[in-house]
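Some notes on the structure that comes next.
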Amino acid sequence: MGHIPQFTVLGLANGTIYALIALGLSLVYKATRAINFAQGEVGTLAAFIAWELIGRHHQNWVVGAAAGLAAAVVVGYVMHRFVATPMREASRVSLTIATLGVAFTLYGFEAKVFGASPEVLPPPSLGFQGVSVAGFLLTPVYIYAIAAAVIASATLGVVLRRTRFGLGVLASAQDSDTARLLGVPAAKVSAFTWVGAAVLAGVAGLLAGPTQGVIYPFFMSGTLLFRGLVAALVGGFGDLPGAVYGGLIVGLVEAYSIEAFVHYPGLPEVILMALVLGVLLVRPRGILARGAA
Amino acid sequence: MTATSPPAAFRFAPHVGRLVGVPLACVALAIVLPLAGAAGVINQPDIDVFSYGVLAGMLALSLNIITGYAGPVSLGQVAFLGMGAFTTGLVATKLHLPLTLAFLVAVVGSTAVGALAALVVGLPALRLRGIYLALSTFAFADAVDHYFFNVQQLTGLGSGITVPRPHVLGINLHEASRYVVVPLIGLALVWMFDVRLRHGRLGRALVAIRENEDVAASFGVRVAWSKLAAFMASGAVAGFTGALFAYQVTVVNHSSFTFDQSLFYLIIVVVGGLGSRGGVLVAGMLFTALPRWLSFLQEWNLIVASLLLVITLARHPGGLPSMWAEARDRRALQKGQDDLDAVLPTMGRRRLAEDAQAGAAGESGRGARLQVEGVTVRFGGVVAVDGAGLEVGPGARVGLVGPNGAGKSTLFNVISGLVRPAAGRVLLDGVDLTALPPHERAARGMSRTFQQIGLVKDASLVENLLLAQHCGLPGGPAALFGSGPARRREKEALARAHELLTDIGLASYAEVRAGSLSGGQQRLVELACAIAPHPRLLLLDEPSAGLSPAAAEHLAEQLAALSASYSTSILLIEHHLPLVTAVCEECYVLDSGQVLAHGPTAKVLRQPEVAAAYLGETSP
């Protein structure tokens, strides 16, 4: 067990990516009480669009990333306009299943356009190899991930708590009918929620592509989405700072269980399942929440 | 009375058509396809594809049991399928049994493994609801996919396990045109199981749970255990399908059971129409078989299915089957006749006399004594009920009045067990019920109505009335597989349901969904449901809400007759004071959670402080 420091840094670094996914999930959950199963696949789409430009057409990384994020914004807006808005009165379970439909639509689209074979999305560079922390080399992509997680949570925090519009978003999350009566623009709040979540998904996809090694259709909707869901759950669904802590906790749990059970591939999955069941049954509002539910 | 009872044959066997149609088609195909295959009319690969379609349809049906009937979203159905298939793989390769026996052991073992796995996954259902339960099934599917299916000894990893096609009773089922008989018989069995389940005691309970757990519990349904039973039934069907799937593919490989398949099946079932047996079966078969036949569809399959899903949900959340059901209800409502005001005076008179006779014979005929002592309920910082107490003597008719927000309905919820009080006790015939869940109180003869109409809107009137008799019907496997006594009880309950519907003048709408009726009609059905189980204590929460003044007056007559002839104890919440005066000899006035006054109805309602509480205090 001599590698604990390395695995700690690895866990925290991967945890920032889970935190980005969890932030998007929590944002949508806060507004709609539904789980957005398209959160992973929007990221896959962004990664593929970026790869198309960077990997195939040798464009600058920034150009590719911008195109990927633009695609995410479009999908987010479409989900707001053509899924969430008509389903305002539907149950949250129906909305959750509808997001699953969006995920599979994107999956089918990617498989059709980009093919099913794995592709390599090159990592963003910073002009140096990376920083060694406790024996673990933090490559630029991880540094971007940490920066993105910090910027995303700070921006969300400032927008939601310090602006008039953000307070309206929080108010609608509490009671959308009353908020509408008080003049909060419901359509804009919904657009902000879904586009915001999609951007977070896109950022996660652009960073997870390089850290995962290869990208392929659905690559973010399996293991990664699951980690994001566990992170959001551990932090308490709808709790934005909790989503970040949850991501880091899941990253650490995963890293330590890989270290401890190196000969049992897949066992981290079982440990995460136990974590999910434990949190759901004992502290359904998240392990950091004050007081049990 | 204009409406007539349906003919007896129809009344006692309404589900025969559903029960035999598809199985008969399966048997016909099981005879035709092998002959056609042998004669070379149909290619073997085409029959293979058809078999896959049948198996997919079966898996879709299994998912429909959990998600369509009971409501919880299962994101791990394919994991159950895989566990069944690998169990069959192990039996076929490791046990070295005689061929016919091996096949039987594999099928039974896979079914059991599927049921057990689903039991484990469903355990959180005892505490979790809705979206959180979906998360736990997602976690399970992911863990099974990445861990258990990656254990070399169990699944042979990349190379998989080879399962040769079975020999059964000396017949070699190697050729696709012969093996197709097995999935077809499997589908026939699953279909009949599904019909029995859905239209039996458990299935009605599940549909009630999906819609409103509080209403279901008040009908006497054990909510958590029913959900667990649904999980097990679903897992068993999936495991069974897994066994047949293993013999179909002949090489069982874990790549067939990745968890994205589970998500895709959920989409199929929603597109087919949650809860619609036929729709789900057709969708399962089409989305699996068509792309294998028409290869150009392959890459469009996902996109078409998921776009269909999104469009259906966004346009019409119930899917096509619910649109048909709505159209059917509209037709039935146009055709049927009813006249509430004319019907009400006769409502229940004949029935009540019979009930009174039946009640006199059995102990259950006696009204129960209800005692509520010092009940306090807090919601956060708000004290909704503050040390309230009341008593309803055996056979007494007691009113409970008070301004809006006085805590009347909360007190009802405490009595029926939906709300746990912070302090105080609820006793029925001297037995402390305070710690009992709602379904056990229902089993002890408590029956209630709701202010927001406690019916299962998506179930037919008959089903609602059968659900109301839930406690009196036998449950468990005996009921599911239709033992003699269980069938007899079910027939009696069905007969009572139709008689009560006739009494309230809605017999011609027996198969119409409760939600399609008007508010007043629903009130009547709810009242019939409350009376159906021969309750010993009837809790009525504003029964006249939504009725016309004339109907409300008749209602008063009926309630008085009900209690007089049947000696049911009645506790009545009501704003329509003439009704209270007509029905209740005794009355409690509740204000701000406390009992303000109590005594003979006419006297209490004349007291000045009661008027003040109702009309608002005048400033000094």
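The chains in the structure tokens are called A, B, ... from first to last as shown; in each chain the residues are counted from 1, and the ligands are counted from 1 in the order shown.
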
Taking the chain letters and numbering used in this document, name the residues of stretch 21-243 of chain A that DSSP puts in alpha helix (DSSP H), as a PDB file with C-alpha atoms, in the first residue's frame.
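Just written: selection-v5.pdb:
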```pdb
ATOM      1  CA  ILE A  21     -20.716  15.796 -14.496  1.00  0.00           C
ATOM      2  CA  ALA A  22     -22.351  15.842 -11.064  1.00  0.00           C
ATOM      3  CA  LEU A  23     -22.674  19.643 -11.150  1.00  0.00           C
ATOM      4  CA  GLY A  24     -24.675  19.420 -14.378  1.00  0.00           C
ATOM      5  CA  LEU A  25     -26.845  16.617 -13.007  1.00  0.00           C
ATOM      6  CA  SER A  26     -27.498  18.551  -9.823  1.00  0.00           C
ATOM      7  CA  LEU A  27     -28.335  21.740 -11.692  1.00  0.00           C
ATOM      8  CA  VAL A  28     -31.073  19.970 -13.684  1.00  0.00           C
ATOM      9  CA  TYR A  29     -32.258  18.043 -10.643  1.00  0.00           C
ATOM     10  CA  LYS A  30     -32.546  21.239  -8.647  1.00  0.00           C
ATOM     11  CA  ALA A  31     -34.763  22.804 -11.290  1.00  0.00           C
ATOM     12  CA  THR A  32     -36.845  19.811 -12.388  1.00  0.00           C
ATOM     13  CA  GLN A  39     -25.645  14.487 -19.249  1.00  0.00           C
ATOM     14  CA  GLY A  40     -23.005  11.967 -20.342  1.00  0.00           C
ATOM     15  CA  GLU A  41     -23.916  11.743 -24.012  1.00  0.00           C
ATOM     16  CA  VAL A  42     -23.857  15.525 -24.536  1.00  0.00           C
ATOM     17  CA  GLY A  43     -20.249  15.277 -23.371  1.00  0.00           C
ATOM     18  CA  THR A  44     -19.554  12.460 -25.826  1.00  0.00           C
ATOM     19  CA  LEU A  45     -20.976  14.575 -28.640  1.00  0.00           C
ATOM     20  CA  ALA A  46     -18.787  17.553 -27.683  1.00  0.00           C
ATOM     21  CA  ALA A  47     -15.737  15.287 -27.579  1.00  0.00           C
ATOM     22  CA  PHE A  48     -16.550  13.861 -31.027  1.00  0.00           C
ATOM     23  CA  ILE A  49     -17.115  17.284 -32.582  1.00  0.00           C
ATOM     24  CA  ALA A  50     -13.795  18.431 -31.117  1.00  0.00           C
ATOM     25  CA  TRP A  51     -12.081  15.275 -32.386  1.00  0.00           C
ATOM     26  CA  TRP A  61      -7.386  22.553 -29.886  1.00  0.00           C
ATOM     27  CA  VAL A  62      -9.183  25.727 -28.872  1.00  0.00           C
ATOM     28  CA  VAL A  63     -11.146  25.776 -32.151  1.00  0.00           C
ATOM     29  CA  GLY A  64     -12.179  22.163 -31.671  1.00  0.00           C
ATOM     30  CA  ALA A  65     -13.146  22.721 -28.067  1.00  0.00           C
ATOM     31  CA  ALA A  66     -15.202  25.796 -28.973  1.00  0.00           C
ATOM     32  CA  ALA A  67     -17.049  23.836 -31.670  1.00  0.00           C
ATOM     33  CA  GLY A  68     -17.693  21.005 -29.200  1.00  0.00           C
ATOM     34  CA  LEU A  69     -19.088  23.390 -26.621  1.00  0.00           C
ATOM     35  CA  ALA A  70     -21.215  25.107 -29.272  1.00  0.00           C
ATOM     36  CA  ALA A  71     -22.740  21.737 -30.146  1.00  0.00           C
ATOM     37  CA  ALA A  72     -23.432  21.151 -26.451  1.00  0.00           C
ATOM     38  CA  VAL A  73     -25.166  24.532 -26.203  1.00  0.00           C
ATOM     39  CA  VAL A  74     -27.385  23.646 -29.171  1.00  0.00           C
ATOM     40  CA  VAL A  75     -28.365  20.295 -27.647  1.00  0.00           C
ATOM     41  CA  GLY A  76     -29.003  21.942 -24.284  1.00  0.00           C
ATOM     42  CA  TYR A  77     -31.263  24.532 -25.881  1.00  0.00           C
ATOM     43  CA  VAL A  78     -33.116  21.863 -27.859  1.00  0.00           C
ATOM     44  CA  ARG A  92     -40.277  13.732 -13.069  1.00  0.00           C
ATOM     45  CA  VAL A  93     -39.985  10.068 -13.927  1.00  0.00           C
ATOM     46  CA  SER A  94     -41.363  10.760 -17.426  1.00  0.00           C
ATOM     47  CA  LEU A  95     -38.906  13.611 -17.867  1.00  0.00           C
ATOM     48  CA  THR A  96     -36.079  11.362 -16.708  1.00  0.00           C
ATOM     49  CA  ILE A  97     -37.043   8.743 -19.300  1.00  0.00           C
ATOM     50  CA  ALA A  98     -37.251  11.450 -21.958  1.00  0.00           C
ATOM     51  CA  THR A  99     -33.652  12.471 -21.228  1.00  0.00           C
ATOM     52  CA  LEU A 100     -32.751   8.837 -21.721  1.00  0.00           C
ATOM     53  CA  GLY A 101     -34.330   9.142 -25.154  1.00  0.00           C
ATOM     54  CA  VAL A 102     -32.187  12.192 -25.891  1.00  0.00           C
ATOM     55  CA  ALA A 103     -29.087  10.258 -24.787  1.00  0.00           C
ATOM     56  CA  PHE A 104     -29.892   7.418 -27.190  1.00  0.00           C
ATOM     57  CA  THR A 105     -30.724   9.801 -30.018  1.00  0.00           C
ATOM     58  CA  LEU A 106     -27.253  11.327 -29.619  1.00  0.00           C
ATOM     59  CA  TYR A 107     -25.742   7.842 -29.300  1.00  0.00           C
ATOM     60  CA  GLY A 108     -27.369   6.742 -32.550  1.00  0.00           C
ATOM     61  CA  PHE A 109     -26.310   9.968 -34.260  1.00  0.00           C
ATOM     62  CA  GLU A 110     -22.685   9.570 -33.156  1.00  0.00           C
ATOM     63  CA  ALA A 111     -22.571   5.922 -34.204  1.00  0.00           C
ATOM     64  CA  LYS A 112     -23.957   6.894 -37.613  1.00  0.00           C
ATOM     65  CA  VAL A 113     -21.744   9.929 -38.231  1.00  0.00           C
ATOM     66  CA  PHE A 114     -18.478   9.087 -36.480  1.00  0.00           C
ATOM     67  CA  PRO A 140      -2.116  19.507 -18.424  1.00  0.00           C
ATOM     68  CA  VAL A 141      -5.510  17.903 -19.022  1.00  0.00           C
ATOM     69  CA  TYR A 142      -5.899  17.365 -15.277  1.00  0.00           C
ATOM     70  CA  ILE A 143      -4.802  20.926 -14.613  1.00  0.00           C
ATOM     71  CA  TYR A 144      -7.513  22.060 -17.039  1.00  0.00           C
ATOM     72  CA  ALA A 145      -9.993  19.800 -15.289  1.00  0.00           C
ATOM     73  CA  ILE A 146      -9.199  21.274 -11.885  1.00  0.00           C
ATOM     74  CA  ALA A 147      -9.376  24.799 -13.297  1.00  0.00           C
ATOM     75  CA  ALA A 148     -12.671  24.024 -15.059  1.00  0.00           C
ATOM     76  CA  ALA A 149     -14.219  22.561 -11.901  1.00  0.00           C
ATOM     77  CA  VAL A 150     -13.139  25.589  -9.860  1.00  0.00           C
ATOM     78  CA  ILE A 151     -14.324  28.090 -12.492  1.00  0.00           C
ATOM     79  CA  ALA A 152     -17.600  26.273 -13.102  1.00  0.00           C
ATOM     80  CA  SER A 153     -18.536  26.010  -9.436  1.00  0.00           C
ATOM     81  CA  ALA A 154     -17.431  29.593  -8.731  1.00  0.00           C
ATOM     82  CA  THR A 155     -19.384  30.942 -11.713  1.00  0.00           C
ATOM     83  CA  LEU A 156     -22.480  28.989 -10.787  1.00  0.00           C
ATOM     84  CA  GLY A 157     -22.142  30.134  -7.198  1.00  0.00           C
ATOM     85  CA  VAL A 158     -21.812  33.808  -8.164  1.00  0.00           C
ATOM     86  CA  VAL A 159     -24.580  33.732 -10.779  1.00  0.00           C
ATOM     87  CA  LEU A 160     -27.011  31.888  -8.531  1.00  0.00           C
ATOM     88  CA  ARG A 161     -26.379  33.780  -5.319  1.00  0.00           C
ATOM     89  CA  ARG A 162     -25.292  37.254  -6.419  1.00  0.00           C
ATOM     90  CA  ARG A 164     -31.141  38.854  -9.626  1.00  0.00           C
ATOM     91  CA  PHE A 165     -31.630  36.241 -12.322  1.00  0.00           C
ATOM     92  CA  GLY A 166     -29.765  33.596 -10.319  1.00  0.00           C
ATOM     93  CA  LEU A 167     -31.936  34.207  -7.286  1.00  0.00           C
ATOM     94  CA  GLY A 168     -34.905  33.743  -9.590  1.00  0.00           C
ATOM     95  CA  VAL A 169     -33.479  30.379 -10.648  1.00  0.00           C
ATOM     96  CA  LEU A 170     -33.149  29.349  -7.003  1.00  0.00           C
ATOM     97  CA  ALA A 171     -36.645  30.601  -6.270  1.00  0.00           C
ATOM     98  CA  SER A 172     -38.123  28.568  -9.147  1.00  0.00           C
ATOM     99  CA  ALA A 173     -36.278  25.517  -7.883  1.00  0.00           C
ATOM    100  CA  GLN A 174     -38.094  25.951  -4.571  1.00  0.00           C
ATOM    101  CA  SER A 176     -41.824  27.310  -9.700  1.00  0.00           C
ATOM    102  CA  ASP A 177     -45.474  28.413  -9.658  1.00  0.00           C
ATOM    103  CA  THR A 178     -44.959  31.060  -6.998  1.00  0.00           C
ATOM    104  CA  ALA A 179     -41.753  32.210  -8.658  1.00  0.00           C
ATOM    105  CA  ARG A 180     -43.625  32.687 -11.934  1.00  0.00           C
ATOM    106  CA  LEU A 181     -46.331  34.659 -10.214  1.00  0.00           C
ATOM    107  CA  ALA A 186     -39.745  30.664 -16.283  1.00  0.00           C
ATOM    108  CA  ALA A 187     -38.618  30.084 -19.863  1.00  0.00           C
ATOM    109  CA  LYS A 188     -35.291  31.830 -19.304  1.00  0.00           C
ATOM    110  CA  VAL A 189     -34.714  29.911 -16.075  1.00  0.00           C
ATOM    111  CA  SER A 190     -35.350  26.626 -17.878  1.00  0.00           C
ATOM    112  CA  ALA A 191     -33.065  27.621 -20.765  1.00  0.00           C
ATOM    113  CA  PHE A 192     -30.319  28.590 -18.316  1.00  0.00           C
ATOM    114  CA  THR A 193     -30.652  25.264 -16.514  1.00  0.00           C
ATOM    115  CA  TRP A 194     -30.489  23.030 -19.557  1.00  0.00           C
ATOM    116  CA  VAL A 195     -27.893  25.011 -21.478  1.00  0.00           C
ATOM    117  CA  GLY A 196     -25.797  25.369 -18.338  1.00  0.00           C
ATOM    118  CA  ALA A 197     -25.939  21.640 -17.714  1.00  0.00           C
ATOM    119  CA  ALA A 198     -25.063  20.953 -21.358  1.00  0.00           C
ATOM    120  CA  VAL A 199     -22.019  23.246 -21.198  1.00  0.00           C
ATOM    121  CA  LEU A 200     -20.843  21.460 -18.055  1.00  0.00           C
ATOM    122  CA  ALA A 201     -21.332  18.155 -19.893  1.00  0.00           C
ATOM    123  CA  GLY A 202     -19.373  19.468 -22.858  1.00  0.00           C
ATOM    124  CA  VAL A 203     -16.458  20.587 -20.691  1.00  0.00           C
ATOM    125  CA  ALA A 204     -16.464  17.214 -18.940  1.00  0.00           C
ATOM    126  CA  GLY A 205     -16.457  15.444 -22.314  1.00  0.00           C
ATOM    127  CA  LEU A 206     -13.549  17.492 -23.694  1.00  0.00           C
ATOM    128  CA  LEU A 207     -11.493  16.652 -20.603  1.00  0.00           C
ATOM    129  CA  ALA A 208     -12.640  13.058 -20.079  1.00  0.00           C
ATOM    130  CA  GLY A 209     -11.834  12.176 -23.705  1.00  0.00           C
ATOM    131  CA  PRO A 210      -8.088  12.559 -23.218  1.00  0.00           C
ATOM    132  CA  THR A 211      -8.029  11.113 -19.672  1.00  0.00           C
ATOM    133  CA  GLN A 212      -9.975   8.016 -20.754  1.00  0.00           C
ATOM    134  CA  LEU A 225     -22.182   9.041 -16.029  1.00  0.00           C
ATOM    135  CA  PHE A 226     -22.545   6.458 -13.288  1.00  0.00           C
ATOM    136  CA  ARG A 227     -19.670   8.071 -11.347  1.00  0.00           C
ATOM    137  CA  GLY A 228     -21.276  11.466 -11.838  1.00  0.00           C
ATOM    138  CA  LEU A 229     -24.590  10.138 -10.547  1.00  0.00           C
ATOM    139  CA  VAL A 230     -22.941   8.603  -7.498  1.00  0.00           C
ATOM    140  CA  ALA A 231     -21.117  11.883  -6.896  1.00  0.00           C
ATOM    141  CA  ALA A 232     -24.323  13.899  -7.117  1.00  0.00           C
ATOM    142  CA  LEU A 233     -26.020  11.435  -4.805  1.00  0.00           C
ATOM    143  CA  VAL A 234     -23.210  11.421  -2.264  1.00  0.00           C
ATOM    144  CA  GLY A 235     -23.236  15.216  -2.238  1.00  0.00           C
ATOM    145  CA  LEU A 240     -24.209  22.211  -6.044  1.00  0.00           C
ATOM    146  CA  PRO A 241     -21.244  22.447  -3.658  1.00  0.00           C
ATOM    147  CA  GLY A 242     -22.161  18.921  -2.562  1.00  0.00           C
ATOM    148  CA  ALA A 243     -21.774  17.739  -6.155  1.00  0.00           C
TER     149      ALA A 243
END
```

For A:Val120, find every residue with an atom within 7 Å (counting only C-alpha atoms), except residues of its own chain fewer than 6 positions away, and show them as a count of residues only.
3

Cut-off 6 Å: closest chain B/chain A atom pairs per residue, using only C-alpha atoms, as JSON lines:
```
{"residue": "B:Ala139", "atom": "CA", "partner": "A:Met273", "partner_atom": "CA", "distance": 5.0}
{"residue": "B:Ala143", "atom": "CA", "partner": "A:Glu269", "partner_atom": "CA", "distance": 4.9}
{"residue": "B:His146", "atom": "CA", "partner": "A:Gly266", "partner_atom": "CA", "distance": 4.8}
{"residue": "B:Tyr147", "atom": "CA", "partner": "A:Gly266", "partner_atom": "CA", "distance": 4.3}
{"residue": "B:Leu302", "atom": "CA", "partner": "A:Gly108", "partner_atom": "CA", "distance": 5.2}
{"residue": "B:Ile303", "atom": "CA", "partner": "A:Thr105", "partner_atom": "CA", "distance": 4.7}
{"residue": "B:Ser306", "atom": "CA", "partner": "A:Gly101", "partner_atom": "CA", "distance": 4.5}
{"residue": "B:Leu309", "atom": "CA", "partner": "A:Gly101", "partner_atom": "CA", "distance": 5.9}
{"residue": "B:Val310", "atom": "CA", "partner": "A:Ala98", "partner_atom": "CA", "distance": 5.2}
{"residue": "B:Ala314", "atom": "CA", "partner": "A:Met87", "partner_atom": "CA", "distance": 5.5}
```

Limited to C-alpha atoms, could you put the picked residues into a file as a CSV table (one decimal), in the first residue's frame?
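Result file follows (out-v7.csv):
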```csv
chain,number,residue,atom,x,y,z
B,139,ALA,CA,-25.9,0.9,-9.8
B,143,ALA,CA,-21.9,-3.5,-11.1
B,146,HIS,CA,-18.4,-4.7,-14.9
B,147,TYR,CA,-17.8,-7.2,-12.2
B,302,LEU,CA,-31.6,3.7,-32.0
B,303,ILE,CA,-32.4,7.1,-33.5
B,306,SER,CA,-35.4,7.3,-29.1
B,309,LEU,CA,-39.8,8.1,-27.2
B,310,VAL,CA,-39.0,11.8,-26.8
B,314,ALA,CA,-43.4,15.4,-25.0
```

Applying 6 Å and only C-alpha atoms, which residues near stretch 205-216 of chain B remain after dropping the ones on its own chain fewer than 3 positions away? List them as number ranges by chain.
B: 69-71, 202, 219, 221, 454, 456

Residues near A:Thr8, anyone? I mean within 8 Å using only C-alpha atoms, not counting same-chain ones fewer than 2 positions away, as a list in words.
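Residues near the query, excluding close chain neighbours: Ile4, Pro5, Gln6, Leu10, Gly11, Leu12, Leu252, Ala255 and Tyr256 of chain A.
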
Spatial neighbours of B:Gly395, max dist 6 Å, only C-alpha atoms, sep filter under 2 positions, as number ranges by chain:
B: 367, 567-569

Can you pull out every residue within 10 Å of B:Trp293, counting only C-alpha atoms, but drop anything in the same chain fewer than 5 positions away, and send it as a list in words?
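Here the answer would be Pro45, Asp46, Val49, Phe50, Thr288 and Gln298 of chain B.
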
Please produce a file of the residues just selected, as a compact mmCIF listing (two decimals), in the first residue's frame, where the atoms kept are C-alpha atoms.
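Now in result.txt:
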```
# COMPACT_ATOMS: atom_id res chain seq x y z
CA PRO B 45 -31.96 -17.41 -40.54
CA ASP B 46 -35.32 -15.66 -40.81
CA VAL B 49 -34.48 -13.57 -36.24
CA PHE B 50 -38.09 -14.22 -35.36
CA THR B 288 -35.22 -6.31 -32.22
CA GLN B 298 -29.73 -1.07 -38.15
```

Which residues, written as a short mmCIF file (atom, residue, chain, number, x, y, z; two decimals) with C-alpha atoms, in the first residue's frame, have at least one atom at most 12 Å from B:Ala56, with only C-alpha atoms counted and residues fewer than 6 positions away on the same chain left out?
```
data_model
loop_
_atom_site.label_atom_id
_atom_site.label_comp_id
_atom_site.auth_asym_id
_atom_site.auth_seq_id
_atom_site.Cartn_x
_atom_site.Cartn_y
_atom_site.Cartn_z
CA VAL B 49 -34.48 -13.57 -36.24
CA PHE B 50 -38.09 -14.22 -35.36
CA SER B 62 -40.79 -8.51 -17.80
CA LEU B 63 -39.72 -4.87 -17.61
CA GLN B 77 -33.40 -5.52 -16.73
CA VAL B 78 -30.77 -6.94 -19.07
CA LEU B 81 -31.49 -11.64 -18.43
CA PRO B 183 -39.44 -19.32 -27.28
CA LEU B 184 -43.01 -19.45 -28.61
CA GLY B 186 -42.16 -19.51 -23.40
CA LEU B 187 -43.96 -16.43 -24.66
CA VAL B 237 -39.63 -13.64 -16.17
CA ALA B 238 -36.33 -12.04 -17.20
CA THR B 241 -36.17 -15.50 -20.82
CA GLY B 242 -32.41 -15.62 -20.17
CA LEU B 244 -34.27 -19.57 -23.51
CA PHE B 245 -31.96 -16.84 -24.82
CA GLN B 248 -31.02 -19.46 -28.75
CA GLN B 261 -29.16 -2.54 -23.49
CA SER B 262 -31.13 -2.20 -20.26
CA PHE B 264 -32.68 0.69 -24.56
CA TYR B 265 -35.29 -1.78 -23.32
CA LEU B 266 -36.71 0.92 -21.10
CA ILE B 268 -38.83 0.23 -26.05
CA VAL B 269 -41.26 -0.32 -23.21
CA VAL B 280 -44.88 -3.58 -25.16
CA LEU B 281 -44.70 -7.02 -26.78
CA VAL B 282 -44.99 -5.61 -30.29
CA ALA B 283 -42.44 -2.86 -29.63
CA GLY B 284 -39.99 -5.39 -28.15
CA MET B 285 -40.35 -7.70 -31.14
CA LEU B 286 -40.20 -4.96 -33.79
CA PHE B 287 -37.20 -3.07 -32.49
CA THR B 288 -35.22 -6.31 -32.22
CA ALA B 289 -36.33 -8.24 -35.27
CA LEU B 290 -36.81 -5.55 -37.93
#
```

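Take atom CA of B:Gly279 and atom CA of B:Cys26: the distance between them is 16.5 Å.
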
Take atom CA of B:Lys408 and atom CA of B:Leu590 and report the distance between them in Å, one decimal.
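So the two atoms, atom CA of B:Lys408 and atom CA of B:Leu590, lie 6.9 Å apart.
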
Atomic distance atom CA of B:Pro600 - atom CA of B:Glu586, expressed in Å with one decimal:
4.4 Å

Residue with smallest distance to B:Gly424 - pool B:Ala229, B:Met58, B:Leu411, B:Ile42, counting only C-alpha atoms
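Residue with the minimum atom-to-atom distance to B:Gly424: B:Leu411.
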
Among stretch 294-515 of chain B, which residues does DSSP mark as strand (DSSP E) when it is run on the backbone? Keep the chain and numbering as in the structure and answer as a VMD selection string.
chain B and resid 370 to 379 382 to 392 397 to 401 423 to 428 431 to 432 446 to 448
